[in-house]
Amino acid sequence: MMIARLVLLALFLFSSGASALGSMDHICDGQPVPSGYVVIDRTWDPTSCGNPIMITPNVDVIWRYSDSPVGAQANACLPLTAPPGWVIDSTQNGYVCGYQYGVNTGPYVTIRHTSCVNQSSTTCYPPSDTPPPPQITVSSQNVVVPYQHASANVTLSWTAVSTASNWRTDIAYRKDGGNLIVWKDDVGAGSANFAVSPNSTYTFYAFQHHYSTSNSTSVVVHTTAGAAPSMHASPATVTVPWGMASSATTVTWNAPGYGTLDWCGSTNGGAWAFSGLQTLESGNVGVPMTPGTTYAYRLYPHGQAGTCTTTNLLTSLTVSAVSGPQPTMSASPSSVVVPYGAANASTTVSWNAPGYSSVDWCGKVGTGAWQFAGLVTAGSGSVGVPMPPNTTYGYRLYAHGAATNCPSTGILTSLSVTSTQGAQPTFRITPSHVVVPLGQTTGSFTLSWNAPGYATLDLWGKVNNGPWQFGLEILGSSSVGSPLDVGTTYSYRFYPHGNSTQLLGEISVSASH
């Protein structure tokens with residue numbers, strides 16, 4: 001019986017890929033395992049080790065691993081500490097360690113020789129009969145697991161071992177650097193889906209059945225958790241420009257990890273419908289819209305649109321269109337007064353053409369011809385325009401591309417701005433000399449001025465023969481009253497605001513009895 005059992009174990013070890021195995025022996029269960037050996041099975045022998053009548057494992061079958069080459073592999077019983085130069089590849093239940101006799105003494109492990117402790121050993125070489133490993137590929141090495149999903153599928157494909165037909169393939173994986181787990185055991189060439197969880201790294205191996213990951217091919221898959229599906233439109237409310245039949249918005253969507261999406265739509269609050277529209281998981285498209293129209297969209301995983309209810313709904317969007325008001329132009333001031341002695345003055349021209357991203361400008365001076373000089377601006381804005389005196393500027397706005405030859409049709413809005421020459425500034429004090437009655441010490445006067453075209457002026461002053469000093473910024477036209485003591489002279493100078501070199505006028509007043 002013992003001889004038959006050892007023969008069976010030898011066949012098992014050889015078929016498992018442990019080529020050039022060391023010799024086997026046996027010891028009584030519970031005895032120390034000799035150096036260089038591991039227990040590979042527990043069996044029952046009624047003729048030795050206490051001659052038990054009841055079926056119970058009383059013999060440990062041991063195998064000498066010390067003369068096995070790098071790459072050798074065997075199944076060993078627990079408890080076990082990996083021998084020097086060997087690693088524990090995986091843990092399995094049953095089939096050895098007493099299973100044949102109906103008494104399963106626990107799981108066993110697969111051990112593999114990875115490196116030589118003694119580099120001079122003649123067994124420090126890979127086994128000569130090791131075939132090239134099978135090949136493994138994956139449908140994607142970077143997988144996005146859809147939002148709030150526990151997993152997503154990748155497709156693994158593998159070849160058979162490339163030599164004799166009795167060599168079979170194992171497929172195993174490690175997740176985030178953890179233990180090696182056999183997924184497909186003893187298979188030929190094939191493919192299958194594997195469910196991967198988010199934010200993980202998987203390494204998949206293909207190797208000879210019951211052999212070793214040291215003689216394998218592998219592929220790495222990185223997974224991430226997908227963001228929540230989203231849709232948006234730019235603009236969300238479309239302003240159809242005045243005079244145009246329609247305008248477009250850009251609808252953008254993103255549903256990471258879903259691959260293909262189904263679309264349902266509704267117009268102006270009507271019934272939802274699935275028209276068969278399918279797109280990739282992300283993208284954008286221009287959507288033309290007419291005034292007074294509302295479009296609504298719903299996105300679903302491919303094949304799950306059904307009757308367009310909120311079941312399985314990933315994200316939704318509503319976009320509407322309104323008519324834009326008629327474009328406008330204005331100037332402030334609309335009539336420009338160029339101050340006396342100044343070369344020009346400015347007005348601010350403002351325009352607003354809702355819905356138009358850009359507009360073309362035509363202009364003319366006085367009664368001249370309209371001309372398009374290539375000026376293109378945004379649909380709304382403002383600009384300062386300097387004007388010499390006694391000039392008229394005319395402006396027309398057109399939709400971009402429609403200003404060629406400045407036609408009288410297609411004008412969005414127009415404006416005319418005129419400038420005139422301001423009169424010479426005047427400065428007056430009333431009375432020009434203050435007479436204070438006897439018995440009083442103080443009189444009064446009124447200072448008035450008018451400087452057409454000047455919004456503000458700088459007023460300087462002095463008392464008697466004192467120094468000139470800046471007083472304050474004043475309006476271009478106004479008046480003010482002031483007391484004046486007997487024997488005192490007030491003098492005033494007027495300048496354009498911020499320009500103390502261009503004297504516009506000077507005036508003085510004195511008081512006496």
# chains A, B, ... in the order shown; residues from 1 in each chain; ligands from 1
>>> residues_around(residues="Ser275 in chain A", least_positions_apart="5", cutoff="10 Å", atoms="only C-alpha atoms", output="ChimeraX atom specification")
/A:262-265
>>> closest_atom_pairs(of="range 370-424 of chain A", to="range 315-334 of chain A", cutoff="12 Å", atoms="only C-alpha atoms", output="CSV")
residue,atom,partner,partner_atom,distance
A:Gly379,CA,A:Pro327,CA,9.1
A:Ser380,CA,A:Pro327,CA,9.1
A:Gly381,CA,A:Met329,CA,9.8
A:Ser382,CA,A:Ala331,CA,9.2
A:Val383,CA,A:Ala331,CA,9.6
A:Gly384,CA,A:Ala331,CA,9.3
A:Val385,CA,A:Ala331,CA,9.4
A:Pro386,CA,A:Pro333,CA,11.7
A:Met387,CA,A:Pro333,CA,11.5
A:Thr392,CA,A:Ser334,CA,10.8
A:Tyr393,CA,A:Ser334,CA,10.9
A:Gly394,CA,A:Met329,CA,11.2
A:Tyr395,CA,A:Met329,CA,8.9
A:Arg396,CA,A:Met329,CA,9.1
A:Leu397,CA,A:Pro327,CA,8.8
A:Tyr398,CA,A:Pro327,CA,9.9
A:Ala399,CA,A:Pro327,CA,10.6
A:Gly410,CA,A:Pro327,CA,11.9
A:Ile411,CA,A:Pro327,CA,9.6
A:Leu412,CA,A:Pro327,CA,5.9
A:Thr413,CA,A:Thr328,CA,5.7
A:Ser414,CA,A:Met329,CA,6.4
A:Leu415,CA,A:Met329,CA,6.2
A:Ser416,CA,A:Ser334,CA,8.2
A:Val417,CA,A:Ser334,CA,5.8
A:Thr418,CA,A:Ser334,CA,7.2
A:Ser419,CA,A:Ser334,CA,8.7
A:Thr420,CA,A:Ser334,CA,11.4
>>> write_last_selection(atoms="N, CA and C atoms", output="CSV table (one decimal), in the first residue's frame")
chain,number,residue,atom,x,y,z
A,379,GLY,N,-19.7,91.6,-30.3
A,379,GLY,CA,-21.1,92.0,-30.5
A,379,GLY,C,-21.5,93.1,-29.6
A,380,SER,N,-20.8,93.4,-28.6
A,380,SER,CA,-21.1,94.5,-27.7
A,380,SER,C,-19.8,95.1,-27.1
A,381,GLY,N,-19.9,96.4,-26.8
A,381,GLY,CA,-18.7,97.0,-26.2
A,381,GLY,C,-18.8,98.5,-26.3
A,382,SER,N,-17.7,99.2,-26.1
A,382,SER,CA,-17.6,100.6,-26.1
A,382,SER,C,-16.2,101.1,-26.4
A,383,VAL,N,-16.1,102.3,-27.0
A,383,VAL,CA,-14.8,102.8,-27.4
A,383,VAL,C,-14.8,104.3,-27.4
A,384,GLY,N,-13.7,104.9,-27.0
A,384,GLY,CA,-13.6,106.4,-27.1
A,384,GLY,C,-13.2,106.8,-28.5
A,385,VAL,N,-13.9,107.9,-29.0
A,385,VAL,CA,-13.6,108.3,-30.3
A,385,VAL,C,-13.2,109.8,-30.3
A,386,PRO,N,-12.0,110.2,-30.6
A,386,PRO,CA,-11.6,111.6,-30.6
A,386,PRO,C,-12.2,112.3,-31.9
A,387,MET,N,-12.7,113.5,-31.7
A,387,MET,CA,-13.3,114.2,-32.8
A,387,MET,C,-12.8,115.7,-32.9
A,392,THR,N,-18.7,115.4,-38.5
A,392,THR,CA,-19.8,114.4,-38.4
A,392,THR,C,-19.2,113.1,-38.7
A,393,TYR,N,-19.3,112.1,-37.8
A,393,TYR,CA,-19.0,110.7,-38.1
A,393,TYR,C,-20.3,109.9,-38.1
A,394,GLY,N,-20.3,109.0,-39.1
A,394,GLY,CA,-21.5,108.1,-39.2
A,394,GLY,C,-21.0,106.6,-39.1
A,395,TYR,N,-21.8,105.8,-38.4
A,395,TYR,CA,-21.4,104.4,-38.2
A,395,TYR,C,-22.6,103.5,-38.6
A,396,ARG,N,-22.3,102.3,-39.1
A,396,ARG,CA,-23.3,101.3,-39.4
A,396,ARG,C,-22.7,99.9,-38.9
A,397,LEU,N,-23.5,99.1,-38.3
A,397,LEU,CA,-23.1,97.8,-37.9
A,397,LEU,C,-23.9,96.7,-38.7
A,398,TYR,N,-23.1,95.7,-39.1
A,398,TYR,CA,-23.6,94.6,-39.8
A,398,TYR,C,-23.2,93.2,-39.2
A,399,ALA,N,-24.0,92.2,-39.5
A,399,ALA,CA,-23.5,90.8,-39.1
A,399,ALA,C,-22.2,90.6,-39.7
A,410,GLY,N,-29.6,95.0,-44.4
A,410,GLY,CA,-28.9,94.2,-43.5
A,410,GLY,C,-28.2,95.0,-42.4
A,411,ILE,N,-28.5,96.3,-42.3
A,411,ILE,CA,-28.0,97.1,-41.2
A,411,ILE,C,-28.6,96.7,-39.9
A,412,LEU,N,-27.8,96.4,-38.9
A,412,LEU,CA,-28.3,96.1,-37.6
A,412,LEU,C,-28.6,97.3,-36.8
A,413,THR,N,-27.8,98.3,-36.8
A,413,THR,CA,-28.0,99.6,-36.2
A,413,THR,C,-27.0,100.6,-36.7
A,414,SER,N,-27.3,101.9,-36.5
A,414,SER,CA,-26.5,103.0,-37.0
A,414,SER,C,-26.5,104.1,-36.1
A,415,LEU,N,-25.5,105.1,-36.3
A,415,LEU,CA,-25.3,106.2,-35.4
A,415,LEU,C,-24.6,107.3,-36.1
A,416,SER,N,-25.0,108.6,-35.8
A,416,SER,CA,-24.3,109.7,-36.3
A,416,SER,C,-23.9,110.6,-35.1
A,417,VAL,N,-22.6,111.0,-35.1
A,417,VAL,CA,-22.1,111.9,-34.0
A,417,VAL,C,-21.5,113.1,-34.6
A,418,THR,N,-21.9,114.3,-34.0
A,418,THR,CA,-21.4,115.6,-34.6
A,418,THR,C,-20.6,116.4,-33.5
A,419,SER,N,-19.6,117.1,-33.9
A,419,SER,CA,-18.8,117.9,-33.0
A,419,SER,C,-18.9,119.3,-33.5
A,420,THR,N,-18.8,120.3,-32.5
A,420,THR,CA,-18.8,121.7,-32.8
A,420,THR,C,-17.6,122.4,-32.0
>>> residues_around(residues="range 444-456 of chain A", least_positions_apart="2", cutoff="9 Å", atoms="only C-alpha atoms", output="PyMOL selection string")
chain A and resi 336-340+345+421-436+442+458+473-485+496-497+504+509+511
>>> residues_around(residues="Thr114 in chain A", least_positions_apart="5", cutoff="9 Å", atoms="only C-alpha atoms", output="list of chain:residue names")
A:Pro69, A:Val70, A:Gly71, A:Ala72, A:Gly85, A:Trp86, A:Val87, A:Ser214
>>> residues_around(residues="Val221 in chain A", least_positions_apart="5", cutoff="6 Å", atoms="only C-alpha atoms", output="ChimeraX atom specification")
/A:141-142,201-202
>>> write_last_selection(atoms="N, CA and C atoms", output="compact mmCIF listing (two decimals), in the first residue's frame")
# COMPACT_ATOMS: atom_id res chain seq x y z
N GLN A 141 -5.86 48.51 -20.90
CA GLN A 141 -5.00 48.54 -19.72
C GLN A 141 -5.33 49.70 -18.79
N ASN A 142 -6.19 50.59 -19.24
CA ASN A 142 -6.65 51.71 -18.40
C ASN A 142 -8.18 51.72 -18.45
N THR A 201 -4.92 48.30 -9.12
CA THR A 201 -3.98 47.85 -10.14
C THR A 201 -3.99 46.32 -10.14
N TYR A 202 -4.27 45.74 -11.29
CA TYR A 202 -4.30 44.28 -11.45
C TYR A 202 -3.14 43.86 -12.35
>>> residues_around(residues="range 281-296 of chain A", least_positions_apart="3", cutoff="10 Å", atoms="only C-alpha atoms", output="mmCIF file with N, CA and C atoms, in the first residue's frame")
data_model
loop_
_atom_site.group_PDB
_atom_site.id
_atom_site.type_symbol
_atom_site.label_atom_id
_atom_site.label_comp_id
_atom_site.auth_asym_id
_atom_site.auth_seq_id
_atom_site.Cartn_x
_atom_site.Cartn_y
_atom_site.Cartn_z
ATOM 1 N N PRO A 229 -21.683 61.261 -14.479
ATOM 2 C CA PRO A 229 -22.048 61.703 -15.832
ATOM 3 C C PRO A 229 -22.592 63.130 -15.814
ATOM 4 N N SER A 230 -22.295 63.881 -16.866
ATOM 5 C CA SER A 230 -22.706 65.277 -16.904
ATOM 6 C C SER A 230 -23.030 65.701 -18.328
ATOM 7 N N MET A 231 -23.887 66.727 -18.418
ATOM 8 C CA MET A 231 -24.199 67.380 -19.688
ATOM 9 C C MET A 231 -24.272 68.886 -19.428
ATOM 10 N N HIS A 232 -23.842 69.673 -20.391
ATOM 11 C CA HIS A 232 -24.068 71.107 -20.311
ATOM 12 C C HIS A 232 -24.099 71.683 -21.719
ATOM 13 N N ALA A 233 -24.675 72.858 -21.840
ATOM 14 C CA ALA A 233 -24.771 73.538 -23.126
ATOM 15 C C ALA A 233 -24.134 74.916 -23.000
ATOM 16 N N SER A 234 -23.489 75.341 -24.057
ATOM 17 C CA SER A 234 -22.871 76.665 -24.079
ATOM 18 C C SER A 234 -23.286 77.384 -25.372
ATOM 19 N N THR A 237 -28.941 79.164 -22.550
ATOM 20 C CA THR A 237 -30.059 79.883 -23.159
ATOM 21 C C THR A 237 -29.530 80.589 -24.397
ATOM 22 N N VAL A 238 -30.045 80.205 -25.540
ATOM 23 C CA VAL A 238 -29.553 80.728 -26.803
ATOM 24 C C VAL A 238 -30.320 82.010 -27.150
ATOM 25 N N THR A 239 -29.593 83.074 -27.392
ATOM 26 C CA THR A 239 -30.200 84.309 -27.879
ATOM 27 C C THR A 239 -30.057 84.334 -29.405
ATOM 28 N N VAL A 240 -31.179 84.160 -30.098
ATOM 29 C CA VAL A 240 -31.150 84.192 -31.563
ATOM 30 C C VAL A 240 -31.078 85.658 -31.987
ATOM 31 N N PRO A 241 -30.015 86.046 -32.676
ATOM 32 C CA PRO A 241 -29.844 87.465 -33.011
ATOM 33 C C PRO A 241 -31.025 88.031 -33.804
ATOM 34 N N MET A 244 -32.279 87.113 -37.503
ATOM 35 C CA MET A 244 -31.840 85.772 -37.910
ATOM 36 C C MET A 244 -32.892 84.745 -37.509
ATOM 37 N N ALA A 245 -32.951 83.638 -38.292
ATOM 38 C CA ALA A 245 -33.964 82.613 -38.051
ATOM 39 C C ALA A 245 -33.560 81.657 -36.943
ATOM 40 N N SER A 246 -32.269 81.439 -36.755
ATOM 41 C CA SER A 246 -31.828 80.462 -35.753
ATOM 42 C C SER A 246 -30.414 80.775 -35.314
ATOM 43 N N SER A 247 -30.020 80.127 -34.222
ATOM 44 C CA SER A 247 -28.657 80.210 -33.722
ATOM 45 C C SER A 247 -28.340 78.899 -33.018
ATOM 46 N N ALA A 248 -27.062 78.634 -32.819
ATOM 47 C CA ALA A 248 -26.657 77.316 -32.318
ATOM 48 C C ALA A 248 -26.100 77.392 -30.905
ATOM 49 N N THR A 249 -26.280 76.296 -30.179
ATOM 50 C CA THR A 249 -25.595 76.061 -28.914
ATOM 51 C C THR A 249 -24.770 74.794 -29.062
ATOM 52 N N THR A 250 -23.762 74.639 -28.222
ATOM 53 C CA THR A 250 -22.927 73.439 -28.240
ATOM 54 C C THR A 250 -23.257 72.593 -27.013
ATOM 55 N N VAL A 251 -23.762 71.383 -27.262
ATOM 56 C CA VAL A 251 -24.093 70.450 -26.182
ATOM 57 C C VAL A 251 -22.905 69.516 -25.965
ATOM 58 N N THR A 252 -22.423 69.446 -24.737
ATOM 59 C CA THR A 252 -21.271 68.623 -24.375
ATOM 60 C C THR A 252 -21.687 67.626 -23.305
ATOM 61 N N TRP A 253 -21.218 66.384 -23.436
ATOM 62 C CA TRP A 253 -21.568 65.353 -22.452
ATOM 63 C C TRP A 253 -20.340 64.506 -22.118
ATOM 64 N N ASN A 254 -20.375 63.893 -20.953
ATOM 65 C CA ASN A 254 -19.271 63.044 -20.505
ATOM 66 C C ASN A 254 -19.802 62.030 -19.499
ATOM 67 N N ALA A 255 -19.682 60.754 -19.822
ATOM 68 C CA ALA A 255 -20.110 59.671 -18.934
ATOM 69 C C ALA A 255 -18.992 58.626 -18.896
ATOM 70 N N PRO A 256 -17.909 58.895 -18.144
ATOM 71 C CA PRO A 256 -16.717 58.032 -18.184
ATOM 72 C C PRO A 256 -17.037 56.582 -17.828
ATOM 73 N N GLY A 257 -16.538 55.676 -18.655
ATOM 74 C CA GLY A 257 -16.659 54.255 -18.385
ATOM 75 C C GLY A 257 -17.842 53.583 -19.057
ATOM 76 N N TYR A 258 -18.759 54.339 -19.653
ATOM 77 C CA TYR A 258 -19.966 53.732 -20.224
ATOM 78 C C TYR A 258 -19.798 53.309 -21.686
ATOM 79 N N GLY A 259 -18.785 53.784 -22.356
ATOM 80 C CA GLY A 259 -18.539 53.331 -23.717
ATOM 81 C C GLY A 259 -19.500 53.932 -24.724
ATOM 82 N N THR A 260 -20.760 53.472 -24.710
ATOM 83 C CA THR A 260 -21.784 53.930 -25.653
ATOM 84 C C THR A 260 -23.021 54.356 -24.876
ATOM 85 N N LEU A 261 -23.673 55.426 -25.366
ATOM 86 C CA LEU A 261 -24.847 55.975 -24.690
ATOM 87 C C LEU A 261 -26.035 56.011 -25.641
ATOM 88 N N ASP A 262 -27.234 55.910 -25.072
ATOM 89 C CA ASP A 262 -28.480 56.113 -25.810
ATOM 90 C C ASP A 262 -29.089 57.445 -25.393
ATOM 91 N N CYS A 264 -32.464 60.129 -25.357
ATOM 92 C CA CYS A 264 -33.886 60.423 -25.497
ATOM 93 C C CYS A 264 -34.044 61.942 -25.555
ATOM 94 N N GLY A 265 -35.110 62.395 -26.246
ATOM 95 C CA GLY A 265 -35.297 63.828 -26.387
ATOM 96 C C GLY A 265 -36.751 64.233 -26.274
ATOM 97 N N SER A 266 -36.942 65.510 -25.971
ATOM 98 C CA SER A 266 -38.281 66.093 -25.886
ATOM 99 C C SER A 266 -38.200 67.523 -26.407
ATOM 100 N N THR A 267 -39.247 67.965 -27.152
ATOM 101 C CA THR A 267 -39.300 69.319 -27.696
ATOM 102 C C THR A 267 -40.479 70.064 -27.092
ATOM 103 N N ASN A 268 -40.182 71.231 -26.520
ATOM 104 C CA ASN A 268 -41.225 72.105 -25.966
ATOM 105 C C ASN A 268 -42.132 71.384 -24.973
ATOM 106 N N GLY A 269 -41.544 70.544 -24.129
ATOM 107 C CA GLY A 269 -42.307 69.863 -23.087
ATOM 108 C C GLY A 269 -43.122 68.694 -23.574
ATOM 109 N N GLY A 270 -42.929 68.257 -24.815
ATOM 110 C CA GLY A 270 -43.679 67.127 -25.347
ATOM 111 C C GLY A 270 -43.195 65.796 -24.809
ATOM 112 N N TRP A 272 -41.351 62.299 -24.233
ATOM 113 C CA TRP A 272 -39.983 61.824 -24.430
ATOM 114 C C TRP A 272 -39.989 60.689 -25.448
ATOM 115 N N GLN A 278 -27.383 57.022 -30.852
ATOM 116 C CA GLN A 278 -26.356 56.469 -29.974
ATOM 117 C C GLN A 278 -25.058 57.230 -30.218
ATOM 118 N N LEU A 299 -29.694 61.015 -21.092
ATOM 119 C CA LEU A 299 -28.698 60.014 -21.489
ATOM 120 C C LEU A 299 -28.836 58.762 -20.629
ATOM 121 N N PRO A 301 -27.296 54.374 -20.253
ATOM 122 C CA PRO A 301 -26.362 53.361 -20.745
ATOM 123 C C PRO A 301 -26.939 52.700 -21.992
ATOM 124 N N HIS A 302 -26.078 52.296 -22.898
ATOM 125 C CA HIS A 302 -26.537 51.699 -24.152
ATOM 126 C C HIS A 302 -27.458 50.503 -23.894
ATOM 127 N N SER A 316 -29.161 64.629 -17.546
ATOM 128 C CA SER A 316 -30.141 65.273 -18.426
ATOM 129 C C SER A 316 -29.785 66.744 -18.604
ATOM 130 N N LEU A 317 -30.450 67.382 -19.578
ATOM 131 C CA LEU A 317 -30.146 68.772 -19.907
ATOM 132 C C LEU A 317 -31.353 69.398 -20.592
ATOM 133 N N THR A 318 -31.589 70.662 -20.289
ATOM 134 C CA THR A 318 -32.615 71.439 -20.979
ATOM 135 C C THR A 318 -31.972 72.713 -21.506
ATOM 136 N N VAL A 319 -32.256 73.048 -22.769
ATOM 137 C CA VAL A 319 -31.720 74.248 -23.388
ATOM 138 C C VAL A 319 -32.843 74.939 -24.149
ATOM 139 N N SER A 320 -32.869 76.267 -24.117
ATOM 140 C CA SER A 320 -33.948 77.007 -24.759
ATOM 141 C C SER A 320 -33.374 78.150 -25.586
ATOM 142 N N ALA A 321 -34.221 78.721 -26.453
ATOM 143 C CA ALA A 321 -33.811 79.812 -27.326
ATOM 144 C C ALA A 321 -34.817 80.953 -27.244
ATOM 145 N N VAL A 322 -34.324 82.177 -27.222
ATOM 146 C CA VAL A 322 -35.174 83.360 -27.200
ATOM 147 C C VAL A 322 -34.712 84.300 -28.310
ATOM 148 N N SER A 323 -35.609 85.217 -28.700
ATOM 149 C CA SER A 323 -35.261 86.216 -29.714
ATOM 150 C C SER A 323 -34.488 87.356 -29.070
ATOM 151 N N GLY A 324 -33.396 87.748 -29.705
ATOM 152 C CA GLY A 324 -32.625 88.861 -29.193
ATOM 153 C C GLY A 324 -33.260 90.194 -29.558
#
>>> residues_around(residues="Ala76 in chain A", least_positions_apart="3", cutoff="9 Å", atoms="only C-alpha atoms", output="list in words")
Val38, Val39, Ile40, Asp41, Ile62, Trp63, Pro79, Leu80, Val96, Cys97, Tyr108, Val109, Thr110 and Ile111 of chain A
>>> write_last_selection(atoms="C-alpha atoms", output="short mmCIF file (atom, residue, chain, number, x, y, z; two decimals), in the first residue's frame")
data_model
loop_
_atom_site.label_atom_id
_atom_site.label_comp_id
_atom_site.auth_asym_id
_atom_site.auth_seq_id
_atom_site.Cartn_x
_atom_site.Cartn_y
_atom_site.Cartn_z
CA VAL A 38 9.09 19.19 2.97
CA VAL A 39 5.92 17.21 3.68
CA ILE A 40 3.94 16.69 0.46
CA ASP A 41 1.22 14.33 1.74
CA ILE A 62 8.41 13.87 2.39
CA TRP A 63 10.20 15.18 -0.69
CA PRO A 79 2.26 24.14 8.44
CA LEU A 80 5.24 25.21 6.38
CA VAL A 96 -3.60 16.09 -1.08
CA CYS A 97 -2.56 16.01 2.57
CA TYR A 108 -1.83 22.87 1.09
CA VAL A 109 0.43 25.41 -0.59
CA THR A 110 2.27 25.57 -3.89
CA ILE A 111 5.96 26.31 -3.40
#
>>> closest_residue(among="A:Pro132, A:Gly487, A:Gly355, A:Gly190", to="Gly243 in chain A", atoms="only C-alpha atoms")
A:Gly355
>>> closest_residue(among="A:Ser512, A:Asn153, A:Thr137, A:Thr56", to="Ser218 in chain A", atoms="only C-alpha atoms")
A:Thr137
>>> select_by_dssp(residues="range 210-404 of chain A", states="strand (DSSP E)", output="PyMOL selection string")
chain A and resi 216-225+230-234+237-240+247-254+260-267+273-280+282-289+294-301+315-323+328-332+335-338+345-352+358-365+376-378+380-387+392-399
>>> atom_distance(atom1="CA of Trp44 in chain A", atom2="CA of Pro107 in chain A")
17.9 Å
>>> closest_residue(among="A:Gly461, A:Pro467, A:Gly498, A:Thr159", to="Gln135 in chain A", atoms="only C-alpha atoms")
A:Thr159
>>> atom_distance(atom1="CA of Ser23 in chain A", atom2="CA of Asp67 in chain A")
9.0 Å
